[in-house]
Every structure is written in C-alpha cells, then in structure tokens.
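S.K.: Structure file start.tsv (TSV, C-alpha atoms) is given on the next line.
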chain	number	residue	atom	x	y	z
A	10	MET	CA	6.52	-19.12	-8.95
A	11	LEU	CA	3.12	-18.22	-7.62
A	12	PRO	CA	0.12	-18.67	-9.91
A	13	ILE	CA	-1.18	-15.35	-11.20
A	14	SER	CA	-4.86	-14.87	-11.93
A	15	THR	CA	-5.90	-13.46	-15.29
A	16	GLU	CA	-8.95	-11.89	-13.65
A	17	PRO	CA	-8.74	-8.19	-12.78
A	18	MET	CA	-8.12	-7.46	-9.11
A	19	GLN	CA	-10.52	-5.07	-7.43
A	20	ILE	CA	-9.53	-3.51	-4.13
A	21	ARG	CA	-12.09	-1.19	-2.62
A	22	THR	CA	-9.82	1.25	-0.85
A	23	SER	CA	-12.74	3.39	0.36
A	24	LYS	CA	-14.14	0.46	2.34
A	25	ILE	CA	-10.76	-0.20	3.95
A	26	ILE	CA	-10.35	3.49	4.81
A	27	ASP	CA	-13.85	3.65	6.31
A	28	SER	CA	-13.25	0.55	8.43
A	29	LYS	CA	-9.81	1.64	9.68
A	30	GLY	CA	-10.63	5.25	10.50
A	31	ASP	CA	-8.04	7.93	11.17
A	32	GLY	CA	-4.37	7.05	10.87
A	33	PRO	CA	-1.77	6.09	11.37
A	34	TRP	CA	-2.27	2.60	9.97
A	35	TYR	CA	-1.08	0.23	7.24
A	36	GLU	CA	-3.06	-2.47	5.43
A	37	ALA	CA	-1.27	-5.04	3.28
A	38	LEU	CA	-3.20	-5.42	0.00
A	39	PHE	CA	-1.17	-7.67	-2.27
A	40	SER	CA	2.02	-9.70	-2.35
A	41	ASP	CA	3.16	-12.02	-5.13
A	42	GLY	CA	6.62	-12.88	-3.85
A	43	ARG	CA	8.19	-10.06	-5.85
A	44	ASN	CA	5.91	-7.09	-5.29
A	45	ASN	CA	4.24	-5.86	-2.11
A	46	VAL	CA	1.40	-3.35	-2.14
A	47	GLY	CA	0.04	-1.65	0.94
A	48	LEU	CA	-2.44	1.08	1.78
A	49	ILE	CA	-1.02	3.63	4.22
A	50	CYS	CA	-2.88	6.29	6.17
A	51	ASP	CA	-0.81	8.72	8.17
A	52	THR	CA	-1.45	11.87	10.15
A	53	PRO	CA	-0.93	15.32	8.61
A	54	GLY	CA	2.68	16.47	8.77
A	55	SER	CA	4.12	12.97	9.17
A	56	VAL	CA	7.32	12.22	7.31
A	57	ASN	CA	8.66	8.96	5.93
A	58	ASP	CA	11.98	7.62	7.15
A	59	ASP	CA	14.91	8.09	4.78
A	60	HIS	CA	15.88	4.75	3.32
A	61	TYR	CA	17.17	3.18	0.13
A	62	HIS	CA	16.46	-0.18	-1.51
A	63	PRO	CA	19.49	-1.19	-3.61
A	64	ASP	CA	17.74	-4.26	-5.05
A	65	PHE	CA	14.37	-2.78	-6.10
A	66	ASN	CA	12.53	0.43	-6.89
A	67	GLU	CA	9.93	1.85	-4.53
A	68	PHE	CA	7.17	4.26	-5.49
A	69	TRP	CA	4.18	5.88	-3.83
A	70	ILE	CA	0.81	6.90	-5.21
A	71	ILE	CA	-1.06	9.56	-3.23
A	72	LEU	CA	-4.82	8.94	-3.34
A	73	LYS	CA	-5.91	11.77	-1.06
A	74	GLY	CA	-4.44	14.54	1.04
Represent the structure contained in this file as structure tokens.

M.R.:
Amino acid sequence: MLPISTEPMQIRTSKIIDSKGDGPWYEALFSDGRNNVGLICDTPGSVNDDHYHPDFNEFWIILKG
C-alpha cells in the first residue's frame, strides 16, 4: 500500500488551465494505486465515448462550461 499524507492536497487548477491553453488536453493530477484523478479540457460540443467499468465507479465534476 502506498503511504498517504495527512496533509491536505492543494491542486491549483487555474494555473494548469492557464499553462495548457485551449483544449483538448488531459493532465493527470493524482494516482494512489486505486484512484486516478485527471483534469480534462475539451472543445465545445465534444462527447465522451460510451464505456462501462464493471470493477469501479467513475464520476465527473464539471468546473466550468
């Protein structure tokens, strides 16, 4: 098992967005061997591919747009 810090994690998404510019792009933010977190920027009207993960739940949080 990976060691887990007790300190709060701070990810400045605005700095990543400013440095990456317009999408499409993906930036991996965090992985602990069980969970993966990424920041995604896509172009207006883009759609995600239909898929299913039988062994884990997936969710999205929309920050803007």

S.K.: Residues at most 9 Å from Ile49 (chain A), counting only C-alpha atoms, excluding those fewer than 3 positions away in the same chain, as a VMD selection string?

M.R.: chain A and resid 32 to 37

S.K.: Based on the selection just made, write C-alpha atoms of those residues as a PDB file, keeping the file's coordinate frame.

M.R.:
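The new file again-v7.pdb reads:
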ATOM      1  CA  GLY A  32      -4.370   7.050  10.870  1.00  0.00           C
ATOM      2  CA  PRO A  33      -1.770   6.090  11.370  1.00  0.00           C
ATOM      3  CA  TRP A  34      -2.270   2.600   9.970  1.00  0.00           C
ATOM      4  CA  TYR A  35      -1.080   0.230   7.240  1.00  0.00           C
ATOM      5  CA  GLU A  36      -3.060  -2.470   5.430  1.00  0.00           C
ATOM      6  CA  ALA A  37      -1.270  -5.040   3.280  1.00  0.00           C
TER       7      ALA A  37
END

S.K.: Choose the residue, out of A:Ser40, A:Leu72, A:Ser55, A:Glu67, that has the smallest atom-to-atom separation from Ser23 (chain A); count all atoms listed in the file.

M.R.: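 Selected residue with least distance to Ser23 (chain A): A:Leu72.
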
S.K.: For CA of Asp59 (chain A) and CA of Ile25 (chain A), determine how far apart the two atoms are, in Å to one decimal place.

M.R.: 27.0 Å

S.K.: Quick check, in Å to one decimal: how far apart do CA of Cys50 (chain A) and CA of Asp64 (chain A) lie?

M.R.: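 Result for CA of Cys50 (chain A) versus CA of Asp64 (chain A): 25.7 Å, one decimal.
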
S.K.: Which residues come within 12 Å of Phe65 (chain A), counting all atoms listed in the file, excluding same-chain residues fewer than 4 positions away, as number ranges by chain?

M.R.: A: 43-45, 61

S.K.: Calculated over all atoms listed in the file, which of the candidates A:Ile70, A:Val56, A:Ile13, A:Ile20 has the smallest distance to Gly42 (chain A)?

M.R.: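 Comparing A:Ile70, A:Val56, A:Ile13, A:Ile20 against Gly42 (chain A), the winner is A:Ile13.
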
S.K.: Taking all atoms listed in the file into account, name the residue in A:Gly74, A:Met18, A:Gly30, A:Trp69 that is nearest to Gly54 (chain A).

M.R.: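 Of all the options, A:Gly74 lies closest to Gly54 (chain A).
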
S.K.: What separation in Å, quoted to one decimal, exists between CA of Pro12 (chain A) and CA of Asp41 (chain A)?

M.R.: 8.7 Å

S.K.: Using all atoms listed in the file, which of A:Phe68, A:His62, A:Pro53, A:Leu48 sits nearest Lys29 (chain A)?

M.R.: A:Leu48
